[in-house]
file target_16.txt (compact mmCIF, C-alpha atoms)
# COMPACT_ATOMS: atom_id res chain seq x y z
CA MET N 1 -115.19 49.80 41.63
CA LYS N 2 -112.90 47.32 43.40
CA ASN N 3 -115.36 44.48 42.80
CA SER N 4 -115.69 45.50 39.18
CA ASN N 5 -111.91 45.46 38.70
CA LYS N 6 -111.66 42.13 40.50
CA ASN N 7 -114.32 40.61 38.23
CA MET N 8 -112.53 41.92 35.14
CA ASN N 9 -109.26 40.44 36.38
CA MET N 10 -110.89 37.07 37.02
CA ALA N 11 -112.45 37.08 33.56
CA SER N 12 -109.09 37.99 32.02
CA VAL N 13 -107.35 35.20 33.91
CA LEU N 14 -109.97 32.72 32.71
CA ASN N 15 -109.53 33.86 29.11
CA LEU N 16 -105.76 33.58 29.38
CA THR N 17 -106.12 30.12 30.90
CA LEU N 18 -108.43 28.97 28.12
CA THR N 19 -106.09 30.43 25.51
CA ALA N 20 -103.12 28.60 27.02
CA ILE N 21 -105.08 25.33 27.13
CA PHE N 22 -106.11 25.55 23.48
CA LEU N 23 -102.62 26.57 22.39
CA ALA N 24 -101.25 23.52 24.21
CA ILE N 25 -103.84 21.26 22.55
CA ILE N 26 -102.95 22.64 19.11
CA ILE N 27 -99.22 22.11 19.69
CA VAL N 28 -99.69 18.56 20.98
CA MET N 29 -102.00 17.64 18.10
CA SER N 30 -99.64 19.21 15.55
CA PHE N 31 -96.71 17.01 16.47
CA THR N 32 -98.51 13.75 17.15
CA PRO N 33 -100.63 11.51 14.90
CA ILE N 34 -103.74 12.98 16.58
CA GLY N 35 -103.60 16.14 14.48
CA TYR N 36 -102.83 14.80 11.02
CA LEU N 37 -103.85 11.74 9.07
CA LYS N 38 -101.01 11.34 6.59
CA MET N 39 -101.26 9.15 3.49
CA GLY N 40 -98.36 10.02 1.22
CA THR N 41 -98.92 13.51 -0.16
CA ILE N 42 -102.47 13.53 1.22
CA GLU N 43 -102.72 15.03 4.68
CA ILE N 44 -106.01 15.42 6.53
CA SER N 45 -105.81 17.91 9.38
CA LEU N 46 -108.05 17.84 12.45
CA LEU N 47 -106.59 21.01 13.96
CA ALA N 48 -109.52 23.14 12.88
CA ILE N 49 -111.46 21.47 15.72
CA PRO N 50 -109.57 22.99 18.69
CA VAL N 51 -109.34 26.29 16.81
CA ALA N 52 -113.12 26.33 16.38
CA MET N 53 -113.81 25.51 20.01
CA GLY N 54 -111.39 28.14 21.21
CA ALA N 55 -112.87 30.66 18.80
CA ALA N 56 -116.36 29.99 20.18
CA LEU N 57 -115.19 30.70 23.73
CA LEU N 58 -112.64 33.47 23.10
CA GLY N 59 -114.17 35.40 20.21
CA VAL N 60 -112.68 36.66 16.96
CA GLY N 61 -109.38 37.81 18.48
CA GLY N 62 -108.84 34.54 20.30
CA GLY N 63 -109.87 32.58 17.23
CA ALA N 64 -107.35 34.49 15.10
CA LEU N 65 -104.59 33.79 17.63
CA LEU N 66 -105.38 30.07 17.74
CA GLY N 67 -105.58 30.01 13.94
CA LEU N 68 -102.16 31.66 13.83
CA ALA N 69 -100.81 28.92 16.10
CA PHE N 70 -102.32 26.32 13.77
CA GLY N 71 -100.64 28.04 10.82
CA VAL N 72 -97.24 28.33 12.45
CA THR N 73 -97.22 24.68 13.48
CA SER N 74 -98.30 23.81 9.94
CA LEU N 75 -95.32 25.77 8.59
CA ILE N 76 -92.98 23.94 10.97
CA GLN N 77 -94.24 20.69 9.43
CA CYS N 78 -92.63 21.87 6.17
CA PHE N 79 -89.16 21.29 7.63
CA GLY N 80 -89.07 17.58 6.90
CA MET N 81 -92.12 16.49 8.89
CA SER N 82 -94.58 16.68 6.01
CA ALA N 83 -93.78 15.36 2.53
CA PHE N 84 -96.34 17.73 1.00
CA GLY N 85 -95.18 20.78 2.94
CA THR N 86 -91.49 20.03 2.47
CA ALA N 87 -91.97 19.83 -1.29
CA LEU N 88 -93.78 23.17 -1.38
CA PHE N 89 -91.19 24.86 0.85
CA GLY N 90 -88.47 23.69 -1.52
CA ILE N 91 -90.29 25.37 -4.41
CA ASN N 92 -91.10 28.72 -2.75
CA PRO N 93 -90.64 29.28 1.00
CA ALA N 94 -92.44 32.65 1.11
CA LEU N 95 -95.57 31.42 -0.67
CA THR N 96 -95.55 28.29 1.44
CA ALA N 97 -95.53 30.41 4.61
CA ILE N 98 -98.50 32.42 3.35
CA LEU N 99 -100.29 29.21 2.36
CA CYS N 100 -99.76 27.67 5.80
CA ILE N 101 -100.63 30.70 7.91
CA VAL N 102 -103.22 32.96 6.24
CA PRO N 103 -106.01 30.38 5.72
CA ARG N 104 -105.62 29.12 9.29
CA VAL N 105 -105.93 32.61 10.81
CA LEU N 106 -109.12 33.05 8.80
CA VAL N 107 -110.35 29.69 10.10
CA GLY N 108 -110.39 31.12 13.62
CA VAL N 109 -111.92 34.42 12.53
CA ALA N 110 -114.68 32.84 10.43
CA SER N 111 -115.71 30.21 12.98
CA ALA N 112 -115.79 32.80 15.80
CA TRP N 113 -117.89 35.16 13.71
CA VAL N 114 -120.36 32.43 12.72
CA TYR N 115 -120.66 31.27 16.32
CA LYS N 116 -121.29 34.84 17.50
CA VAL N 117 -123.98 35.50 14.87
CA LEU N 118 -125.84 32.24 15.52
CA LYS N 119 -125.65 32.73 19.28
CA LYS N 120 -127.23 36.18 18.94
CA LYS N 121 -130.04 34.62 16.93
CA ASN N 122 -130.62 32.15 19.81
CA VAL N 123 -129.93 29.12 17.66
CA GLN N 124 -129.81 25.91 19.72
CA PRO N 125 -126.28 25.55 21.23
CA ASN N 126 -125.41 22.21 19.64
CA VAL N 127 -126.52 23.45 16.23
CA THR N 128 -124.57 26.67 16.70
CA SER N 129 -121.37 24.83 17.56
CA LEU N 130 -121.91 22.26 14.80
CA ILE N 131 -122.21 24.98 12.16
CA SER N 132 -119.28 27.01 13.50
CA PHE N 133 -117.04 23.92 13.62
CA LEU N 134 -118.15 22.97 10.12
CA THR N 135 -117.35 26.50 8.98
CA ALA N 136 -113.83 26.13 10.34
CA ALA N 137 -113.25 22.92 8.39
CA VAL N 138 -114.72 24.26 5.15
CA VAL N 139 -112.77 27.54 5.32
CA ASN N 140 -109.56 25.65 6.05
CA THR N 141 -109.97 23.27 3.12
CA VAL N 142 -111.30 25.71 0.53
CA LEU N 143 -108.81 28.50 1.24
CA PHE N 144 -105.84 26.16 1.53
CA VAL N 145 -106.59 24.30 -1.69
CA GLY N 146 -107.53 27.50 -3.51
CA LEU N 147 -104.28 29.26 -2.55
CA PHE N 148 -102.28 26.12 -3.28
CA ILE N 149 -103.61 26.08 -6.83
CA ALA N 150 -103.07 29.85 -7.21
CA PHE N 151 -99.50 29.71 -5.90
CA PHE N 152 -98.26 26.38 -7.24
CA GLY N 153 -100.59 25.56 -10.14
CA ASN N 154 -97.83 26.02 -12.71
CA THR N 155 -95.28 23.76 -11.01
CA ASP N 156 -94.22 20.22 -11.79
CA PHE N 157 -95.31 19.23 -8.28
CA TYR N 158 -98.88 20.31 -9.05
CA ALA N 159 -98.77 18.46 -12.38
CA GLY N 160 -97.69 15.32 -10.53
CA LEU N 161 -100.68 15.63 -8.20
CA GLU N 162 -103.02 15.98 -11.16
CA THR N 163 -101.62 12.71 -12.46
CA GLN N 164 -102.04 11.10 -9.03
CA PHE N 165 -105.68 12.18 -8.85
CA ALA N 166 -106.26 11.36 -12.55
CA THR N 167 -107.57 14.88 -13.15
CA THR N 168 -106.89 17.72 -15.57
CA GLY N 169 -107.90 21.32 -15.07
CA VAL N 170 -108.26 23.52 -12.01
CA ILE N 171 -111.91 22.72 -11.27
CA ALA N 172 -111.43 18.96 -11.53
CA PHE N 173 -108.33 19.03 -9.34
CA PHE N 174 -110.02 21.29 -6.77
CA ALA N 175 -112.99 18.93 -6.58
CA ALA N 176 -110.75 15.87 -6.25
CA PHE N 177 -108.49 17.37 -3.60
CA VAL N 178 -111.36 18.81 -1.58
CA GLY N 179 -113.19 15.51 -1.92
CA VAL N 180 -110.33 13.64 -0.30
CA ASN N 181 -109.48 16.11 2.48
CA GLY N 182 -112.58 18.20 2.85
CA ILE N 183 -115.18 15.53 3.44
CA VAL N 184 -113.26 13.83 6.26
CA GLU N 185 -112.40 17.15 7.92
CA ALA N 186 -115.95 18.48 7.58
CA VAL N 187 -117.61 15.35 8.95
CA ALA N 188 -115.19 15.11 11.89
CA SER N 189 -115.55 18.80 12.74
CA ALA N 190 -119.34 18.78 12.49
CA ALA N 191 -119.61 15.66 14.64
CA VAL N 192 -117.34 17.05 17.37
CA GLY N 193 -119.00 20.46 17.20
CA GLY N 194 -122.45 19.00 17.57
CA ALA N 195 -121.34 16.96 20.56
CA LEU N 196 -119.60 19.86 22.33
CA GLY N 197 -122.36 22.45 22.07
CA SER N 198 -123.62 21.93 25.61
CA VAL N 199 -120.05 21.89 26.99
CA ILE N 200 -119.27 25.23 25.36
CA LYS N 201 -122.52 26.64 26.74
CA LYS N 202 -121.58 25.58 30.28
CA ILE N 203 -118.14 27.17 30.03
CA GLU N 204 -119.73 30.37 28.72
CA LYS N 205 -122.05 30.44 31.74
CA GLN N 206 -119.08 30.03 34.06
CA LYS N 207 -117.32 32.92 32.33
CA ALA N 208 -120.43 35.06 32.65
CA GLY N 209 -120.62 34.15 36.32
CA PHE N 210 -117.10 35.43 36.93
CA SER N 211 -117.96 38.71 35.23
CA LYS N 212 -121.07 39.27 37.39
CA ARG N 213 -119.49 38.49 40.74
call {"tool": "encode", "arguments": {"input": "target_16.txt", "output": "structure tokens"}}
result
Amino acid sequence: MKNSNKNMNMASVLNLTLTAIFLAIIIVMSFTPIGYLKMGTIEISLLAIPVAMGAALLGVGGGALLGLAFGVTSLIQCFGMSAFGTALFGINPALTAILCIVPRVLVGVASAWVYKVLKKKNVQPNVTSLISFLTAAVVNTVLFVGLFIAFFGNTDFYAGLETQFATTGVIAFFAAFVGVNGIVEAVASAAVGGALGSVIKKIEKQKAGFSKR
């Protein structure tokens, strides 16, 4: 019983350590040029990458927590750090908070779930991580843009973006916006995910080793 409790404590400490590491990475990326590629009102986020990796190692609950951290730091950007976010916050703070946080929590949940399902099916580790990282990027882009249109589609700010993208109509704007942000985020996430598959597998083995000791 004592050994069992000791193993559980060691596994818990490792999970807490990993959570702290990924939270620190998310915070650092959020407030440095590493996390966002900003071009006027266009902002490409790379924060789905650490969320996806953390979700793979920590599961759905850990993924949701890291996604929440991503969302909260995104909301903080709306206080003068992001032209896009600041404009939205000035229009409707409550909807902006939902827009920043809810999709990012679901990023962590979705990527963790996909990783878990593929792992159970014994899909090759690099492929598993590639798909789960890609899922994180796609969920982030699609949900964020979809909610943005739903919440702010009748505003002058949205009309100005339609003019900027030379589009009219929800479908055309969605395709244009996703085309700019989504492709870069998806390619970057898939590339990193594919490269980190073996690393994630090694960390998982170390975690399993702690639990069996």
call {"tool": "atom_distance", "arguments": {"input": "target_16.txt", "atom1": "atom CA of Ala24 of chain N", "atom2": "atom CA of Ala48 of chain N"}}
result
14.0 Å
call {"tool": "closest_residue", "arguments": {"input": "target_16.txt", "among": "N:Leu14, N:Ala137, N:Ala97, N:Ile203", "to": "Ala186 of chain N", "atoms": "all atoms listed in the file"}}
result
N:Ala137
call {"tool": "residues_around", "arguments": {"input": "target_16.txt", "residues": "segment 53-62 of chain N", "least_positions_apart": "4", "cutoff": "8 Å", "atoms": "only C-alpha atoms", "output": "list of chain:residue names"}}
result
N:Asn15, N:Leu18, N:Thr19, N:Phe22, N:Ile49, N:Leu66, N:Gly108, N:Val109, N:Ala110, N:Ser111, N:Ala112, N:Trp113, N:Tyr115, N:Lys116, N:Ser129, N:Ser132, N:Phe133, N:Gly193, N:Ile200, N:Ile203, N:Glu204
call {"tool": "atom_distance", "arguments": {"input": "target_16.txt", "atom1": "atom CA of Val170 of chain N", "atom2": "atom CA of Ile149 of chain N"}}
result
7.4 Å
call {"tool": "closest_residue", "arguments": {"input": "target_16.txt", "among": "N:Leu118, N:Val51, N:Leu106, N:Ile101", "to": "Leu75 of chain N", "atoms": "all atoms listed in the file"}}
result
N:Ile101
call {"tool": "closest_residue", "arguments": {"input": "target_16.txt", "among": "N:Thr73, N:Thr155, N:Thr135, N:Asn122", "to": "Ile91 of chain N", "atoms": "only C-alpha atoms"}}
result
N:Thr155
call {"tool": "residues_near_point", "arguments": {"input": "target_16.txt", "point": "(-123.8, 19.5, 17.3)", "cutoff": "8 Å", "atoms": "only C-alpha atoms", "output": "number ranges by chain"}}
result
N: 125-131, 190-197
call {"tool": "axis_aligned_box", "arguments": {"input": "target_16.txt", "around": "segment 8-25 of chain N", "padding_each_side": "4 Å", "output": "lines of an AutoDock Vina configuration file"}}
result
center_x = -106.9
center_y = 31.6
center_z = 29.7
size_x = 19.3
size_y = 28.7
size_z = 22.6
call {"tool": "closest_residue", "arguments": {"input": "target_16.txt", "among": "N:Ala64, N:Ala52, N:Ala208, N:Val145", "to": "Ser12 of chain N", "atoms": "all atoms listed in the file"}}
result
N:Ala208
call {"tool": "residues_around", "arguments": {"input": "target_16.txt", "residues": "Leu95 of chain N", "least_positions_apart": "5", "cutoff": "9 Å", "atoms": "only C-alpha atoms", "output": "number ranges by chain"}}
result
N: 88-89, 100, 148, 151-152
call {"tool": "atom_distance", "arguments": {"input": "target_16.txt", "atom1": "atom CA of Phe31 of chain N", "atom2": "atom CA of Phe70 of chain N"}}
result
11.2 Å
call {"tool": "residues_around", "arguments": {"input": "target_16.txt", "residues": "segment 160-168 of chain N", "least_positions_apart": "5", "cutoff": "8 Å", "atoms": "all atoms listed in the file", "output": "VMD selection string"}}
result
chain N and resid 173 176 to 177
call {"tool": "build_atoms", "arguments": {"input": "target_16.txt", "residues": "segment 39-62 of chain N", "atoms": "N, CA and C atoms", "output": "PDB file, in the frame of the given file"}}
result
ATOM      1  N   MET N  39    -101.269  10.259   4.455  1.00  0.00           N
ATOM      2  CA  MET N  39    -101.260   9.150   3.490  1.00  0.00           C
ATOM      3  C   MET N  39    -100.502   9.609   2.265  1.00  0.00           C
ATOM      4  N   GLY N  40     -99.170   9.521   2.328  1.00  0.00           N
ATOM      5  CA  GLY N  40     -98.360  10.020   1.220  1.00  0.00           C
ATOM      6  C   GLY N  40     -98.440  11.536   1.167  1.00  0.00           C
ATOM      7  N   THR N  41     -98.796  12.059   0.001  1.00  0.00           N
ATOM      8  CA  THR N  41     -98.920  13.510  -0.160  1.00  0.00           C
ATOM      9  C   THR N  41    -100.263  14.028   0.359  1.00  0.00           C
ATOM     10  N   ILE N  42    -101.166  13.124   0.692  1.00  0.00           N
ATOM     11  CA  ILE N  42    -102.470  13.530   1.220  1.00  0.00           C
ATOM     12  C   ILE N  42    -102.387  13.636   2.735  1.00  0.00           C
ATOM     13  N   GLU N  43    -102.758  14.802   3.242  1.00  0.00           N
ATOM     14  CA  GLU N  43    -102.720  15.030   4.680  1.00  0.00           C
ATOM     15  C   GLU N  43    -104.044  15.646   5.117  1.00  0.00           C
ATOM     16  N   ILE N  44    -104.725  14.948   6.008  1.00  0.00           N
ATOM     17  CA  ILE N  44    -106.010  15.420   6.530  1.00  0.00           C
ATOM     18  C   ILE N  44    -105.774  15.972   7.924  1.00  0.00           C
ATOM     19  N   SER N  45    -106.061  17.254   8.105  1.00  0.00           N
ATOM     20  CA  SER N  45    -105.810  17.910   9.380  1.00  0.00           C
ATOM     21  C   SER N  45    -107.080  17.995  10.219  1.00  0.00           C
ATOM     22  N   LEU N  46    -106.939  17.721  11.505  1.00  0.00           N
ATOM     23  CA  LEU N  46    -108.050  17.840  12.450  1.00  0.00           C
ATOM     24  C   LEU N  46    -107.866  19.036  13.388  1.00  0.00           C
ATOM     25  N   LEU N  47    -106.910  19.889  13.081  1.00  0.00           N
ATOM     26  CA  LEU N  47    -106.590  21.010  13.960  1.00  0.00           C
ATOM     27  C   LEU N  47    -107.602  22.139  13.909  1.00  0.00           C
ATOM     28  N   ALA N  48    -108.461  22.128  12.907  1.00  0.00           N
ATOM     29  CA  ALA N  48    -109.520  23.140  12.880  1.00  0.00           C
ATOM     30  C   ALA N  48    -110.486  22.963  14.051  1.00  0.00           C
ATOM     31  N   ILE N  49    -110.524  21.754  14.617  1.00  0.00           N
ATOM     32  CA  ILE N  49    -111.460  21.470  15.720  1.00  0.00           C
ATOM     33  C   ILE N  49    -111.113  22.263  16.983  1.00  0.00           C
ATOM     34  N   PRO N  50    -109.870  22.173  17.516  1.00  0.00           N
ATOM     35  CA  PRO N  50    -109.570  22.990  18.690  1.00  0.00           C
ATOM     36  C   PRO N  50    -109.603  24.490  18.403  1.00  0.00           C
ATOM     37  N   VAL N  51    -109.261  24.870  17.177  1.00  0.00           N
ATOM     38  CA  VAL N  51    -109.340  26.290  16.810  1.00  0.00           C
ATOM     39  C   VAL N  51    -110.790  26.766  16.891  1.00  0.00           C
ATOM     40  N   ALA N  52    -111.709  25.956  16.372  1.00  0.00           N
ATOM     41  CA  ALA N  52    -113.120  26.330  16.380  1.00  0.00           C
ATOM     42  C   ALA N  52    -113.678  26.406  17.787  1.00  0.00           C
ATOM     43  N   MET N  53    -113.303  25.473  18.631  1.00  0.00           N
ATOM     44  CA  MET N  53    -113.810  25.510  20.010  1.00  0.00           C
ATOM     45  C   MET N  53    -113.265  26.718  20.751  1.00  0.00           C
ATOM     46  N   GLY N  54    -111.975  26.972  20.581  1.00  0.00           N
ATOM     47  CA  GLY N  54    -111.390  28.140  21.210  1.00  0.00           C
ATOM     48  C   GLY N  54    -111.992  29.424  20.695  1.00  0.00           C
ATOM     49  N   ALA N  55    -112.274  29.474  19.396  1.00  0.00           N
ATOM     50  CA  ALA N  55    -112.870  30.660  18.800  1.00  0.00           C
ATOM     51  C   ALA N  55    -114.267  30.921  19.375  1.00  0.00           C
ATOM     52  N   ALA N  56    -115.015  29.844  19.617  1.00  0.00           N
ATOM     53  CA  ALA N  56    -116.360  29.990  20.180  1.00  0.00           C
ATOM     54  C   ALA N  56    -116.299  30.606  21.577  1.00  0.00           C
ATOM     55  N   LEU N  57    -115.285  30.241  22.350  1.00  0.00           N
ATOM     56  CA  LEU N  57    -115.190  30.700  23.730  1.00  0.00           C
ATOM     57  C   LEU N  57    -114.430  32.017  23.885  1.00  0.00           C
ATOM     58  N   LEU N  58    -113.529  32.311  22.941  1.00  0.00           N
ATOM     59  CA  LEU N  58    -112.640  33.470  23.100  1.00  0.00           C
ATOM     60  C   LEU N  58    -112.933  34.597  22.118  1.00  0.00           C
ATOM     61  N   GLY N  59    -113.818  34.352  21.153  1.00  0.00           N
ATOM     62  CA  GLY N  59    -114.170  35.400  20.210  1.00  0.00           C
ATOM     63  C   GLY N  59    -113.236  35.475  19.019  1.00  0.00           C
ATOM     64  N   VAL N  60    -113.429  36.522  18.220  1.00  0.00           N
ATOM     65  CA  VAL N  60    -112.680  36.660  16.960  1.00  0.00           C
ATOM     66  C   VAL N  60    -111.181  36.797  17.211  1.00  0.00           C
ATOM     67  N   GLY N  61    -110.805  37.629  18.195  1.00  0.00           N
ATOM     68  CA  GLY N  61    -109.380  37.810  18.480  1.00  0.00           C
ATOM     69  C   GLY N  61    -108.720  36.530  18.939  1.00  0.00           C
ATOM     70  N   GLY N  62    -109.377  35.813  19.841  1.00  0.00           N
ATOM     71  CA  GLY N  62    -108.840  34.540  20.300  1.00  0.00           C
ATOM     72  C   GLY N  62    -108.800  33.509  19.195  1.00  0.00           C
TER      73      GLY N  62
END
